[in-house]
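**Student:** Below is the structure I would like to discuss, written out as structure tokens.
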Amino acid sequence: MQKWEYCTLGPIEFSSASWKWLPNEPTRIVFTRKGMTEEVFKIDDTSSLKDVQNDVAKVLARLGDEGWEMVGCGAVFASGHFLYFKRPID
């Protein structure tokens with residue numbers, strides 16, 4: 001039977017009222033049998049849409065290079081959007 005490990009990335013928040021990114025620290029969290037690891041990257045309210053898109057694109061490309069497959073996206077308690085990934089455990 002195939003076994004999986006999981007990763008989440010978020011929150012990523014944009015205010016449609018002010019048309020600005022909300023300052024936060026999206027975190028990539030990897031869940032494995034050995035425990036949890038975190039990696040934080042910074043988005044501030046002065047970042048342009050293009051800057052944020054480029055930052056997120058780099059993180060997503062790295063996740064793909066590491067074998068992660070996106071399996072879901074959603075908001076959690078109105079605190080921004082989270083992306084969910086999985087990859088097989090060898």
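By convention here, the chains of the structure tokens are called A, B, ... in the order presented, each chain's residues are numbered starting at 1, and ligands are numbered starting at 1 in the order presented.
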For region 3-7 of chain A, work out the shell of residues within 12 Å, counting only C-alpha atoms and skipping chain neighbours fewer than 4 positions away, then give it as a tab-separated table (two decimals) with C-alpha atoms, in the first residue's frame.
**Tutor:**
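Result file is out_35.tsv:
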chain	number	residue	atom	x	y	z
A	27	THR	CA	4.65	29.01	6.31
A	28	ARG	CA	5.48	25.80	4.54
A	29	ILE	CA	4.85	22.97	7.00
A	30	VAL	CA	5.93	19.44	6.19
A	31	PHE	CA	4.32	16.61	8.17
A	32	THR	CA	6.30	13.36	8.30
A	33	ARG	CA	6.58	10.34	10.55
A	34	LYS	CA	9.58	12.05	12.16
A	35	GLY	CA	7.57	15.14	13.04
A	36	MET	CA	6.88	18.57	11.60
A	37	THR	CA	9.26	21.08	10.00
A	38	GLU	CA	8.48	24.71	9.17
A	39	GLU	CA	9.89	27.22	6.69
A	60	LEU	CA	5.73	26.17	-5.83
A	63	LEU	CA	7.92	22.00	-4.09
A	64	GLY	CA	7.45	20.40	-7.51
A	66	GLU	CA	11.04	18.05	-4.42
A	67	GLY	CA	8.27	15.74	-5.63
A	68	TRP	CA	5.27	17.44	-4.01
A	69	GLU	CA	1.93	17.29	-5.82
A	70	MET	CA	-0.77	19.87	-5.02
A	71	VAL	CA	-3.94	18.10	-3.93
A	72	GLY	CA	-6.07	20.91	-2.55
A	73	CYS	CA	-6.62	24.58	-1.81
A	82	PHE	CA	-3.75	27.35	2.18
A	83	LEU	CA	-2.36	24.99	-0.45
A	84	TYR	CA	-2.07	21.29	0.37
A	85	PHE	CA	0.47	18.86	-1.12
A	86	LYS	CA	1.43	15.21	-0.86
A	87	ARG	CA	4.29	13.04	-2.05
A	88	PRO	CA	4.92	9.33	-1.81
A	89	ILE	CA	7.12	7.92	0.91
A	90	ASP	CA	9.69	5.50	-0.49
